[in-house]
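K.L.:
Have a peek at model10.txt (compact mmCIF, C-alpha atoms and all ligand atoms).
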# COMPACT_ATOMS: atom_id res chain seq x y z
CA MET A 1 28.25 -43.52 3.21
CA THR A 2 27.07 -41.24 6.01
CA HIS A 3 26.67 -42.37 9.57
CA PHE A 4 22.89 -42.30 9.13
CA GLN A 5 22.84 -44.36 5.90
CA GLN A 6 25.08 -46.94 7.54
CA TRP A 7 22.67 -47.13 10.46
CA SER A 8 19.50 -47.46 8.41
CA LYS A 9 20.97 -50.24 6.24
CA ALA A 10 22.42 -52.20 9.15
CA THR A 11 20.93 -55.45 10.38
CA PRO A 12 19.95 -55.66 14.07
CA LYS A 13 23.18 -57.56 14.74
CA GLU A 14 25.25 -54.88 13.02
CA LYS A 15 23.34 -52.19 14.91
CA SER A 16 24.11 -53.94 18.15
CA SER A 17 27.81 -54.01 17.32
CA MET A 18 27.68 -50.33 16.23
CA VAL A 19 26.14 -49.36 19.57
CA GLN A 20 28.67 -51.47 21.44
CA SER A 21 31.54 -49.92 19.53
CA GLU A 22 30.15 -46.44 20.33
CA ILE A 23 29.97 -47.38 23.99
CA ARG A 24 33.54 -48.73 23.80
CA THR A 25 34.72 -45.48 22.22
CA VAL A 26 33.17 -43.48 25.01
CA GLN A 27 34.57 -45.82 27.63
CA GLU A 28 38.05 -45.59 26.11
CA GLN A 29 37.88 -41.83 26.08
CA ARG A 30 36.76 -41.98 29.65
CA ARG A 31 39.70 -44.14 30.67
CA ALA A 32 42.16 -42.04 28.70
CA LYS A 33 41.12 -39.01 30.69
CA ALA A 34 41.05 -40.67 34.07
CA VAL A 35 42.59 -37.53 35.51
CA GLU A 36 39.31 -35.72 34.99
CA LEU A 37 37.19 -38.35 36.63
CA SER A 38 35.51 -35.83 38.89
CA ARG A 39 34.01 -34.28 35.76
CA GLN A 40 33.25 -37.46 33.85
CA GLY A 41 31.75 -38.99 36.94
CA ALA A 42 29.52 -35.97 37.50
CA TRP A 43 26.45 -37.97 36.47
CA MET A 44 26.84 -40.09 39.59
CA LYS A 45 25.84 -37.04 41.62
CA TRP A 46 22.64 -36.37 39.67
CA ASN A 47 19.71 -36.74 41.97
CA LEU A 48 17.24 -37.64 39.22
CA PRO A 49 14.99 -40.55 38.31
CA GLU A 50 17.02 -43.01 36.27
CA ARG A 51 16.38 -42.90 32.55
CA LYS A 52 15.79 -46.38 31.20
CA ILE A 53 16.44 -46.88 27.52
CA THR A 54 15.21 -50.05 25.92
CA TRP A 55 16.85 -51.80 23.00
CA ALA A 56 13.77 -51.03 20.91
CA GLU A 57 14.29 -47.32 21.55
CA LEU A 58 17.96 -47.59 20.71
CA TRP A 59 17.18 -49.19 17.34
CA ARG A 60 14.93 -46.30 16.45
CA MET A 61 17.41 -43.59 17.44
CA GLU A 62 19.71 -41.93 14.98
CA PRO A 63 23.35 -42.79 15.71
CA PHE A 64 24.22 -39.16 16.29
CA ARG A 65 21.58 -38.92 18.98
CA ILE A 66 22.93 -41.97 20.79
CA SER A 67 26.42 -40.59 20.47
CA PHE A 68 25.37 -37.15 21.72
CA MET A 69 23.49 -38.62 24.65
CA LEU A 70 26.37 -40.83 25.81
CA ARG A 71 29.01 -38.18 25.28
CA SER A 72 26.99 -35.54 27.07
CA VAL A 73 26.70 -37.81 30.12
CA TYR A 74 30.47 -38.35 30.25
CA ASP A 75 31.38 -34.84 29.13
CA THR A 76 33.27 -35.97 26.05
CA LEU A 77 31.47 -33.76 23.54
CA PRO A 78 33.66 -31.48 21.43
CA SER A 79 33.08 -28.40 23.56
CA PRO A 80 35.72 -25.65 23.13
CA SER A 81 37.10 -26.56 26.53
CA ASN A 82 37.46 -30.25 25.61
CA LEU A 83 38.87 -29.49 22.15
CA HIS A 84 41.45 -27.31 23.82
CA GLN A 85 42.30 -30.04 26.30
CA TRP A 86 42.70 -32.53 23.45
CA GLY A 87 45.16 -30.13 21.79
CA LEU A 88 42.90 -29.43 18.81
CA ILE A 89 42.27 -25.70 19.29
CA GLU A 90 44.24 -22.93 20.92
CA GLU A 91 41.54 -21.13 22.88
CA PRO A 92 39.11 -22.91 25.21
CA SER A 93 36.69 -20.01 25.05
CA CYS A 94 33.06 -19.88 23.93
CA LYS A 95 32.75 -18.40 20.43
CA LEU A 96 29.68 -16.41 21.41
CA CYS A 97 30.76 -14.70 24.63
CA GLY A 98 34.42 -15.45 25.26
CA GLU A 99 33.91 -17.23 28.57
CA ARG A 100 35.38 -20.71 29.10
CA GLY A 101 33.43 -23.01 26.77
CA THR A 102 32.71 -26.00 28.96
CA MET A 103 29.83 -28.30 28.08
CA ALA A 104 27.75 -26.83 30.90
CA HIS A 105 28.39 -23.35 29.55
CA ILE A 106 27.55 -24.21 25.93
CA LEU A 107 24.44 -26.24 26.71
CA SER A 108 23.03 -24.24 29.57
CA GLY A 109 25.04 -21.26 30.81
CA CYS A 110 25.90 -18.90 27.93
CA LYS A 111 24.23 -15.50 28.29
CA VAL A 112 24.60 -14.69 24.58
CA ALA A 113 23.05 -18.02 23.58
CA LEU A 114 20.24 -17.23 26.00
CA THR A 115 19.51 -13.79 24.50
CA GLN A 116 19.70 -15.26 21.00
CA GLY A 117 16.87 -17.61 21.96
CA ARG A 118 18.86 -20.82 21.55
CA TYR A 119 17.76 -22.26 24.90
CA ARG A 120 14.21 -21.07 24.27
CA TRP A 121 14.26 -23.02 21.02
CA ARG A 122 15.19 -26.21 22.90
CA ASN A 123 12.58 -25.49 25.57
CA ASP A 124 9.88 -24.99 22.93
CA LYS A 125 10.76 -28.26 21.20
CA VAL A 126 10.23 -30.16 24.46
CA LEU A 127 7.11 -28.15 25.25
CA LYS A 128 5.55 -28.87 21.87
CA HIS A 129 6.12 -32.60 22.34
CA LEU A 130 4.63 -32.47 25.83
CA ALA A 131 1.62 -30.47 24.61
CA GLU A 132 0.90 -32.97 21.84
CA ILE A 133 0.83 -35.87 24.30
CA LEU A 134 -1.36 -33.95 26.76
CA ASP A 135 -3.73 -32.92 24.01
CA ILE A 136 -4.34 -36.57 23.13
CA GLU A 137 -4.77 -37.47 26.82
CA ARG A 138 -7.22 -34.69 27.61
CA ARG A 139 -9.48 -35.68 24.69
CA LYS A 140 -9.81 -39.26 25.88
CA LYS A 141 -13.33 -40.07 26.88
CA ARG A 142 -13.68 -40.18 30.65
CA PRO A 143 -16.71 -41.20 32.66
CA SER A 144 -18.75 -38.26 33.93
CA LYS A 145 -19.04 -37.82 37.71
CA THR A 146 -22.28 -39.78 37.97
CA GLU A 147 -21.01 -42.68 35.85
CA ALA A 148 -17.82 -42.83 37.90
CA LYS A 149 -19.82 -43.19 41.10
CA GLN A 150 -21.55 -46.35 39.86
CA ILE A 151 -20.53 -49.66 41.37
CA ARG A 152 -17.23 -50.88 40.11
CA PHE A 153 -17.11 -54.62 39.53
CA VAL A 154 -13.94 -56.37 40.53
CA ARG A 155 -12.59 -59.47 38.83
CA GLU A 156 -12.07 -62.59 40.87
CA GLY A 157 -8.61 -62.50 42.45
CA ASP A 158 -8.34 -58.73 41.93
CA THR A 159 -8.06 -56.49 44.99
CA GLY A 160 -10.10 -53.69 43.44
CA HIS A 161 -7.47 -51.14 44.43
CA ALA A 162 -6.36 -48.81 41.71
CA THR A 163 -2.76 -49.26 40.67
CA LYS A 164 -0.26 -46.56 41.56
CA SER A 165 -0.23 -45.06 38.06
CA GLN A 166 -4.04 -44.86 37.96
CA GLN A 167 -4.14 -43.12 41.31
CA HIS A 168 -1.71 -40.49 40.15
CA PHE A 169 -3.10 -39.54 36.78
CA ILE A 170 -4.78 -36.22 37.47
CA LEU A 171 -6.79 -36.02 34.23
CA ASP A 172 -8.67 -39.16 35.28
CA LYS A 173 -10.12 -37.25 38.22
CA GLY A 174 -12.18 -34.98 35.96
CA SER A 175 -13.66 -34.75 32.48
CA GLU A 176 -14.14 -32.29 29.59
CA TRP A 177 -10.63 -30.90 29.80
CA ASN A 178 -9.61 -27.74 27.98
CA MET A 179 -6.02 -26.89 27.23
CA ARG A 180 -3.88 -23.87 26.41
CA ALA A 181 -0.15 -23.97 25.70
CA ASP A 182 2.34 -21.14 25.50
CA ILE A 183 3.38 -22.04 21.97
CA GLY A 184 3.23 -19.62 19.06
CA LYS A 185 1.12 -17.07 20.91
CA LYS A 186 1.16 -15.88 24.51
CA LEU A 187 -0.82 -18.02 26.89
CA VAL A 188 -3.67 -16.34 28.73
CA PHE A 189 -4.57 -17.97 32.02
CA PRO A 190 -8.18 -19.26 32.17
CA GLU A 191 -10.78 -16.75 33.31
CA CYS A 192 -11.24 -18.32 36.76
CA VAL A 193 -8.31 -16.25 38.08
CA GLN A 194 -6.88 -12.93 36.91
CA THR A 195 -3.10 -13.17 36.64
CA THR A 196 -0.22 -12.02 34.50
CA LEU A 197 1.64 -15.28 35.13
CA ARG A 198 1.97 -17.54 32.14
CA PRO A 199 2.69 -21.17 32.84
CA ASP A 200 3.75 -23.19 29.80
CA ILE A 201 0.57 -25.26 29.69
CA VAL A 202 -2.77 -25.02 31.48
CA VAL A 203 -5.27 -27.86 31.43
CA TRP A 204 -8.58 -27.18 33.12
CA SER A 205 -12.06 -28.52 33.43
CA GLN A 206 -14.90 -26.09 34.07
CA SER A 207 -17.36 -28.87 34.90
CA SER A 208 -15.04 -30.64 37.37
CA LYS A 209 -13.58 -27.34 38.67
CA MET A 210 -10.06 -28.61 38.31
CA ILE A 211 -7.02 -26.88 36.98
CA VAL A 212 -3.52 -28.10 36.23
CA ALA A 213 -0.74 -25.62 35.52
CA ILE A 214 2.37 -27.03 33.92
CA GLU A 215 5.66 -25.20 33.93
CA LEU A 216 8.49 -26.69 31.94
CA THR A 217 12.12 -26.04 32.55
CA VAL A 218 15.08 -27.76 30.94
CA PRO A 219 17.85 -27.15 33.47
CA TRP A 220 21.35 -28.48 33.77
CA GLU A 221 21.10 -31.88 35.49
CA GLU A 222 22.85 -30.69 38.62
CA ARG A 223 20.50 -27.73 38.99
CA CYS A 224 17.18 -29.58 38.72
CA LYS A 225 16.28 -29.26 42.40
CA GLU A 226 17.04 -25.55 42.40
CA ALA A 227 15.04 -24.96 39.23
CA TYR A 228 12.12 -26.93 40.66
CA GLN A 229 12.07 -24.85 43.85
CA ARG A 230 12.25 -21.59 41.90
CA LYS A 231 9.30 -22.49 39.70
CA LYS A 232 7.31 -23.84 42.61
CA GLU A 233 7.69 -20.58 44.53
CA LYS A 234 6.73 -18.56 41.47
CA TYR A 235 3.35 -20.27 41.20
CA THR A 236 2.46 -20.95 44.83
CA GLU A 237 0.30 -17.85 45.23
CA LEU A 238 -1.56 -18.41 41.99
CA MET A 239 -2.35 -22.00 42.95
CA THR A 240 -3.58 -20.83 46.37
CA THR A 241 -5.87 -18.27 44.75
CA CYS A 242 -7.32 -20.96 42.49
CA ARG A 243 -8.04 -23.14 45.55
CA GLU A 244 -9.62 -20.24 47.42
CA ARG A 245 -12.04 -19.85 44.52
CA GLY A 246 -13.13 -23.45 44.87
CA TRP A 247 -10.92 -25.03 42.24
CA LYS A 248 -8.82 -28.11 42.73
CA ALA A 249 -5.43 -26.97 41.53
CA TRP A 250 -2.16 -28.73 40.75
CA LEU A 251 1.17 -27.39 39.58
ZN ZN B 301 29.17 -18.24 25.88
Do you think you could lay out the structure here as C-alpha cells?
P.N.:
Amino acid sequence: MTHFQQWSKATPKEKSSMVQSEIRTVQEQRRAKAVELSRQGAWMKWNLPERKITWAELWRMEPFRISFMLRSVYDTLPSPSNLHQWGLIEEPSCKLCGERGTMAHILSGCKVALTQGRYRWRNDKVLKHLAEILDIERRKKRPSKTEAKQIRFVREGDTGHATKSQQHFILDKGSEWNMRADIGKKLVFPECVQTTLRPDIVVWSQSSKMIVAIELTVPWEERCKEAYQRKKEKYTELMTTCRERGWKAWL
C-alpha cells in the first residue's frame, strides 16, 4: 500500500499517530545530527509571521506534504548535500549545475533551475491560487459610496468600531473592482498610467479611483526582508505616479 492509500484509509486516531510518528522521525533525525544544529535551527532566525496549522488542515494534507514541510524546516530533506553527509552518495553537488547541492541551493538558488523555469513554475502555482481567491473577493457585492455613507446602526453592547481585519481590507474601501493577473498572457497595466512594469496582479476600481498592485515573490525564508525591499523599490515610482493622477494606490 502506498503512503497515500494508507493515509486515506486511516481513522483519525491512526492519522494522529502517523503524524506523531512523522514528527518523531524528524525529531530523531534532528537529534542524531546535533552537530549541525546551526543549520537545523535556522528556522529560529526567520523573522516571519508564525504559520499556524490546525489539526483540521493536517487531516486534509497528503502525508508527503506534511513530511516535506517538516523536513524542509529542519533541513532534513534528501538534498545532494544531505545525502552525501548521510553517506548515501559520493558527490554533494547539484545535478543541474555542479555547485554544492544544499537545500537552499536546490529550492531557491540554482541558476540552471532558474533558467529552466522551475522556480517560475512554483511562483505561478502560488500566483494562480492567490488570483483565484482575489477574483472571488473582488466580485463580492459592496455598498456603493452613497450607501456606505448612510447611518450605521450599532448593536447594544457593540462599540461600533470596525475590527482590525475590517479596517485593513482594501477592497472594502471601494466597489466595482476589475482585475488582471500575469498568468498565461503578459499583464498590461491599467490605462490610468503608462508603464512597462508588470506587477503579478492589478486590482483597480475606475469608479472609486483606487488601484492595488500585487507583486508576488517566493523567496528563501531568510531573504524575505531583502526581497520585500527590492520589490518595494521597484514599484515606488509607479505608485507615486498613480497617486499624482488622483488615484489611491497600494502595493
Ligand atoms: Zn544547481
K.L.:
Out of A:Ala42, A:Val112, A:Ile136, A:Val73, which residue has the shortest atom-to-atom distance to ligand ZN 301 (chain B) when counting all atoms listed in the file?
P.N.:
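Nearest to ligand ZN 301 (chain B): A:Val112.
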K.L.:
A:Gln229, A:Gln116, A:Ser108, A:Ser205: which is nearest Met179 (chain A), counting all atoms listed in the file?
P.N.:
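Looking only at the distances to Met179 (chain A), the closest residue turns out to be A:Ser205.
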K.L.:
Could the residues that lie within 10 Å of ligand ZN 301 (chain B), counting only C-alpha atoms and all ligand atoms, be listed as a PyMOL selection string?
P.N.:
chain A and resi 93-102+105-114
K.L.:
Can I get the selection written as an mmCIF file, keeping the file's coordinate frame, with C-alpha atoms?
P.N.:
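Dumped everything to out12.cif:
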data_model
loop_
_atom_site.group_PDB
_atom_site.id
_atom_site.type_symbol
_atom_site.label_atom_id
_atom_site.label_comp_id
_atom_site.auth_asym_id
_atom_site.auth_seq_id
_atom_site.Cartn_x
_atom_site.Cartn_y
_atom_site.Cartn_z
ATOM 1 C CA SER A 93 36.690 -20.010 25.050
ATOM 2 C CA CYS A 94 33.060 -19.880 23.930
ATOM 3 C CA LYS A 95 32.750 -18.400 20.430
ATOM 4 C CA LEU A 96 29.680 -16.410 21.410
ATOM 5 C CA CYS A 97 30.760 -14.700 24.630
ATOM 6 C CA GLY A 98 34.420 -15.450 25.260
ATOM 7 C CA GLU A 99 33.910 -17.230 28.570
ATOM 8 C CA ARG A 100 35.380 -20.710 29.100
ATOM 9 C CA GLY A 101 33.430 -23.010 26.770
ATOM 10 C CA THR A 102 32.710 -26.000 28.960
ATOM 11 C CA HIS A 105 28.390 -23.350 29.550
ATOM 12 C CA ILE A 106 27.550 -24.210 25.930
ATOM 13 C CA LEU A 107 24.440 -26.240 26.710
ATOM 14 C CA SER A 108 23.030 -24.240 29.570
ATOM 15 C CA GLY A 109 25.040 -21.260 30.810
ATOM 16 C CA CYS A 110 25.900 -18.900 27.930
ATOM 17 C CA LYS A 111 24.230 -15.500 28.290
ATOM 18 C CA VAL A 112 24.600 -14.690 24.580
ATOM 19 C CA ALA A 113 23.050 -18.020 23.580
ATOM 20 C CA LEU A 114 20.240 -17.230 26.000
#
K.L.:
Can you measure CA of Glu221 (chain A) to CA of Trp250 (chain A) for me? One decimal in Å is fine.
P.N.:
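It comes out at 24.1 Å.
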K.L.:
Looking at A:Phe4, A:Val126, A:Pro190, A:Tyr74, which one is nearest to Thr25 (chain A), with distances taken over all atoms listed in the file?
P.N.:
A:Tyr74
K.L.:
Can you list, as a list in words, every protein, DNA or RNA residue that comes within 12 Å of Ser21 (chain A) when you count only C-alpha atoms, leaving out same-chain residues fewer than 6 positions away?
P.N.:
Glu14, Lys15, Gln27, Glu28, Pro63, Ile66 and Ser67 of chain A
K.L.:
List as a ChimeraX atom specification the protein and nucleic acid residues near Arg245 (chain A), meaning an atom at most 9 Å away when only C-alpha atoms are counted, but skip any in the same chain fewer than 5 places from it.
P.N.:
/A:192-193,240
K.L.:
May I have the residues within 10 Å of Trp55 (chain A) as a short mmCIF file (atom, residue, chain, number, x, y, z; two decimals) with C-alpha atoms, keeping the file's coordinate frame, using only C-alpha atoms and disregarding those fewer than 5 positions away in the same chain?
P.N.:
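Just written: selection-v2.cif:
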data_model
loop_
_atom_site.label_atom_id
_atom_site.label_comp_id
_atom_site.auth_asym_id
_atom_site.auth_seq_id
_atom_site.Cartn_x
_atom_site.Cartn_y
_atom_site.Cartn_z
CA SER A 16 24.11 -53.94 18.15
CA ARG A 60 14.93 -46.30 16.45
CA MET A 61 17.41 -43.59 17.44
#
K.L.:
Which is closest to Leu171 (chain A) among A:His129, A:Lys234, A:Lys248, A:Arg122, if we use all atoms listed in the file?
P.N.:
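The answer is A:Lys248, which sits nearest to Leu171 (chain A).
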K.L.:
Any chance you could work out the axis-aligned box around region 107-125 of chain A, listed atoms only, 5 Å on each side, giving centre and edge lengths in Å to one decimal, as JSON?
P.N.:
{"center_x": 17.9, "center_y": -21.0, "center_z": 25.9, "size_x": 26.0, "size_y": 24.5, "size_z": 19.8}
K.L.:
So the first atom is CA of Met103 (chain A) and the second is CA of Asp75 (chain A); what is the distance between them in Å, to one decimal place?
P.N.:
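Distance reported for this atom pair: 6.8 Å.
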K.L.:
Would you list the contacts of Arg142 (chain A) as a PyMOL selection string, taking every protein, DNA or RNA residue within 8 Å and counting only C-alpha atoms, but skipping same-chain residues closer than 2 positions in sequence?
P.N.:
chain A and resi 140+144+172+174-176
K.L.:
In terms of the shortest atom-to-atom distance over only C-alpha atoms, which of A:Pro12, A:Leu238, A:Trp7, A:Glu226 is closest to Arg198 (chain A)?
P.N.:
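For Arg198 (chain A), the nearest of the given residues is A:Leu238.
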K.L.:
What does the distance between CA of Ser81 (chain A) and CA of Val26 (chain A) come to in Å, to one decimal place?
P.N.:
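Atom-to-atom, CA of Ser81 (chain A) and CA of Val26 (chain A) are spaced 17.4 Å apart.
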K.L.:
I need the residue nearest Ala181 (chain A) from this list: A:Met210, A:Ala10, A:Leu127, A:Ala227. Use only C-alpha atoms for the distance.
P.N.:
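Comparing A:Met210, A:Ala10, A:Leu127, A:Ala227 against Ala181 (chain A), the winner is A:Leu127.
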K.L.:
So that I can see what lies close to Val203 (chain A), please list as a PyMOL selection string the residues with an atom at most 6 Å from it, counting only C-alpha atoms and leaving out residues fewer than 3 positions away in the same chain.
P.N.:
chain A and resi 178-179+211-212
